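Visitor: Next up, input.pdb (PDB, C-alpha atoms).
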ATOM      1  CA  MET A  16      54.299  26.263  46.899
ATOM      2  CA  VAL A  17      53.346  27.306  43.355
ATOM      3  CA  GLU A  18      55.957  24.915  42.095
ATOM      4  CA  GLN A  19      54.256  22.066  43.926
ATOM      5  CA  VAL A  20      50.708  22.969  42.816
ATOM      6  CA  LEU A  21      51.607  23.580  39.149
ATOM      7  CA  PRO A  22      52.437  19.931  38.284
ATOM      8  CA  ILE A  23      49.297  18.755  40.072
ATOM      9  CA  LEU A  24      47.159  21.221  38.068
ATOM     10  CA  GLN A  25      48.853  20.137  34.843
ATOM     11  CA  LEU A  26      48.091  16.517  35.688
ATOM     12  CA  VAL A  27      44.445  17.341  36.460
ATOM     13  CA  LEU A  28      44.107  19.312  33.191
ATOM     14  CA  ALA A  29      45.760  16.519  31.180
ATOM     15  CA  PHE A  30      43.393  13.982  32.751
ATOM     16  CA  GLY A  31      40.425  16.269  31.972
ATOM     17  CA  ASN A  32      41.573  16.597  28.352
ATOM     18  CA  ILE A  33      41.890  12.823  28.042
ATOM     19  CA  CYS A  34      38.387  12.396  29.483
ATOM     20  CA  ILE A  35      36.956  14.982  27.062
ATOM     21  CA  LEU A  36      38.712  13.366  24.088
ATOM     22  CA  GLY A  37      37.500   9.926  25.202
ATOM     23  CA  TYR A  38      33.919  11.190  25.491
ATOM     24  CA  ALA A  39      34.137  12.862  22.043
ATOM     25  CA  LEU A  40      35.508   9.623  20.524
ATOM     26  CA  PHE A  41      32.749   7.617  22.200
ATOM     27  CA  LYS A  42      30.043   9.985  20.822
ATOM     28  CA  PHE A  43      31.658   9.969  17.367
ATOM     29  CA  LEU A  44      31.762   6.185  17.222
ATOM     30  CA  ASN A  45      28.170   5.818  18.485
ATOM     31  CA  LYS A  46      26.680   8.405  16.107
ATOM     32  CA  PRO A  47      25.955   5.886  13.294
ATOM     33  CA  HIS A  48      24.309   3.602  15.842
ATOM     34  CA  ASP A  49      22.186   6.423  17.248
ATOM     35  CA  THR A  50      21.195   7.616  13.758
ATOM     36  CA  LEU A  51      20.326   4.090  12.712
ATOM     37  CA  GLU A  52      18.321   3.518  15.875
ATOM     38  CA  THR A  53      16.351   6.719  15.224
ATOM     39  CA  LYS A  54      15.608   5.661  11.655
ATOM     40  CA  VAL A  55      14.521   2.202  12.788
ATOM     41  CA  ASN A  56      12.165   3.734  15.350
ATOM     42  CA  VAL A  57      10.647   5.998  12.681
ATOM     43  CA  MET A  58      10.238   3.013  10.328
ATOM     44  CA  ASP A  59       8.606   0.976  13.093
ATOM     45  CA  GLU A  60       6.062   3.744  13.659
ATOM     46  CA  GLU A  61       5.331   3.959   9.926
ATOM     47  CA  LEU A  62       4.941   0.177   9.744
ATOM     48  CA  LYS A  63       2.476   0.256  12.642
ATOM     49  CA  GLU A  64       0.483   2.978  10.880
ATOM     50  CA  ILE A  65       0.439   1.016   7.620
ATOM     51  CA  LYS A  66      -0.677  -2.168   9.368
ATOM     52  CA  GLN A  67      -3.411  -0.258  11.187
ATOM     53  CA  SER A  68      -4.562   1.274   7.915
ATOM     54  CA  LEU A  69      -4.656  -2.156   6.264
ATOM     55  CA  ARG A  70      -6.593  -3.556   9.198
ATOM     56  CA  LEU A  71      -9.148  -0.755   8.897
ATOM     57  CA  GLY A  72      -9.398  -1.282   5.137
ATOM     58  CA  ASN A  73      -9.919  -5.013   5.576
ATOM     59  CA  ASP A  74     -12.575  -4.390   8.205
ATOM     60  CA  ARG A  75     -14.403  -2.001   5.873
ATOM     61  CA  PHE A  76     -14.158  -4.502   3.050
ATOM     62  CA  ARG A  77     -15.627  -7.230   5.251
ATOM     63  CA  GLU A  78     -18.457  -4.883   6.239
ATOM     64  CA  HIS A  79     -19.356  -4.319   2.587
ATOM     65  CA  GLU A  80     -18.494  -7.789   1.286
ATOM     66  CA  GLU A  81     -22.144  -8.832   1.147
ATOM     67  CA  LYS A  82     -22.987  -5.733  -0.874
ATOM     68  CA  PHE A  83     -20.138  -6.522  -3.287
ATOM     69  CA  LYS A  84     -21.429 -10.067  -3.770
ATOM     70  CA  GLU A  85     -24.928  -8.751  -4.350
ATOM     71  CA  GLN A  86     -23.577  -6.266  -6.906
ATOM     72  CA  GLU A  87     -21.679  -9.048  -8.693
ATOM     73  CA  GLU A  88     -24.872 -11.125  -8.876
ATOM     74  CA  THR A  89     -26.773  -8.127 -10.232
ATOM     75  CA  ASN A  90     -24.077  -7.514 -12.846
ATOM     76  CA  ALA A  91     -24.147 -11.168 -13.921
ATOM     77  CA  THR A  92     -27.941 -10.979 -14.261
ATOM     78  CA  PHE A  93     -27.729  -7.835 -16.375
ATOM     79  CA  LYS A  94     -25.129  -9.464 -18.626
ATOM     80  CA  SER A  95     -27.305 -12.504 -19.249
ATOM     81  CA  VAL A  96     -30.374 -10.291 -19.843
ATOM     82  CA  MET A  97     -28.436  -8.190 -22.353
ATOM     83  CA  LEU A  98     -27.366 -11.365 -24.168
ATOM     84  CA  ALA A  99     -30.991 -12.509 -24.226
ATOM     85  CA  PHE A 100     -32.062  -9.131 -25.653
ATOM     86  CA  VAL A 101     -29.474  -9.370 -28.404
ATOM     87  CA  ASP A 102     -30.593 -12.941 -29.222
ATOM     88  CA  PHE A 103     -34.234 -11.832 -29.231
ATOM     89  CA  GLU A 104     -33.462  -8.902 -31.539
ATOM     90  CA  ILE A 105     -31.609 -11.152 -33.975
ATOM     91  CA  ALA A 106     -34.423 -13.750 -33.905
ATOM     92  CA  TYR A 107     -37.034 -11.014 -34.385
ATOM     93  CA  CYS A 108     -35.166  -9.600 -37.333
ATOM     94  CA  LEU A 109     -34.884 -13.058 -38.917
ATOM     95  CA  HIS A 110     -38.561 -13.844 -38.262
ATOM     96  CA  THR A 111     -39.894 -10.593 -39.710
ATOM     97  CA  ASN A 112     -37.436 -10.602 -42.623
ATOM     98  CA  TYR A 113     -36.116  -7.322 -41.277
ATOM     99  CA  GLU A 114     -32.527  -6.719 -42.209
ATOM    100  CA  PHE A 115     -30.396  -6.342 -39.129
ATOM    101  CA  THR A 116     -27.048  -4.659 -39.114
ATOM    102  CA  GLU A 117     -23.708  -6.303 -38.612
ATOM    103  CA  ASP A 118     -23.345  -4.172 -35.487
ATOM    104  CA  LEU A 119     -25.917  -6.383 -33.786
ATOM    105  CA  LYS A 120     -23.919  -9.548 -34.576
ATOM    106  CA  LYS A 121     -20.737  -7.768 -33.530
ATOM    107  CA  ALA A 122     -22.325  -6.686 -30.231
ATOM    108  CA  LYS A 123     -23.466 -10.272 -29.561
ATOM    109  CA  LYS A 124     -19.985 -11.635 -30.297
ATOM    110  CA  GLU A 125     -18.297  -9.024 -28.079
ATOM    111  CA  LEU A 126     -20.710  -9.781 -25.245
ATOM    112  CA  GLN A 127     -20.165 -13.526 -25.582
ATOM    113  CA  ASP A 128     -16.375 -13.045 -25.687
ATOM    114  CA  TYR A 129     -16.540 -10.861 -22.592
ATOM    115  CA  LEU A 130     -18.683 -13.364 -20.723
ATOM    116  CA  ALA A 131     -16.382 -16.223 -21.765
ATOM    117  CA  ARG A 132     -13.454 -14.494 -20.073
TER
END
Please re-express this file's structure in structure tokens.
Guide:
Amino acid sequence: MVEQVLPILQLVLAFGNICILGYALFKFLNKPHDTLETKVNVMDEELKEIKQSLRLGNDRFREHEEKFKEQEETNATFKSVMLAFVDFEIAYCLHTNYEFTEDLKKAKKELQDYLAR
């Protein structure tokens, strides 16, 4: 009886070994795919977070856009007023025969160059 059962057990064990080796080969071959899939999922999550952050930033910018425009107008006004002050100072110095420094002419030229850009 043992002689009859022994070949059957050997056959079952050999089949089990083949199944285990097949499963190990399957896992080994799919590991790069699984790793890549995990990385892609992580990257997708990061991309979603970045897009959400950009959306929030754009929304904040739109909320304050009017304030930015108002600030730009204020800056432009201050620039033109400063240029007018420099012109007035130069004219005053010429009118009163007061010697003005070259720094005043240099400041006017730098301001005009800046405004021309």
Visitor: How far is it from atom CA of Glu114 of chain A to atom CA of Leu130 of chain A, in Å with one decimal?
Guide: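 So the two atoms, atom CA of Glu114 of chain A and atom CA of Leu130 of chain A, lie 26.4 Å apart.
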Visitor: Please define a box with edges along x, y and z of the file around all atoms of segment 53-70 of chain A given in the file, extend it by 4 Å on each side, and return its centre and edge lengths in Å to one decimal, as AutoDock Vina command-line options.
Guide:
--center_x 4.9 --center_y 1.6 --center_z 10.8 --size_x 30.9 --size_y 18.3 --size_z 17.1
Visitor: Quick one: which residues end up in the PyMOL selection byres ((chain A and resi 96-107) around 12) for this structure, as an MDAnalysis selection string?
Guide: chainID A and resid 89:95 108:130
Visitor: Grab the atom CA of Glu61 of chain A to atom CA of Asn45 of chain A distance for me, in Å with one decimal place.
Guide: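 Computed distance, atom CA of Glu61 of chain A to atom CA of Asn45 of chain A, equals 24.5 Å.
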Visitor: Could you tell me how far atom CA of Arg132 of chain A lies from atom CA of Glu87 of chain A, in Å and to one decimal?
Guide: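 Value for the atom CA of Arg132 of chain A-atom CA of Glu87 of chain A distance: 15.1 Å.
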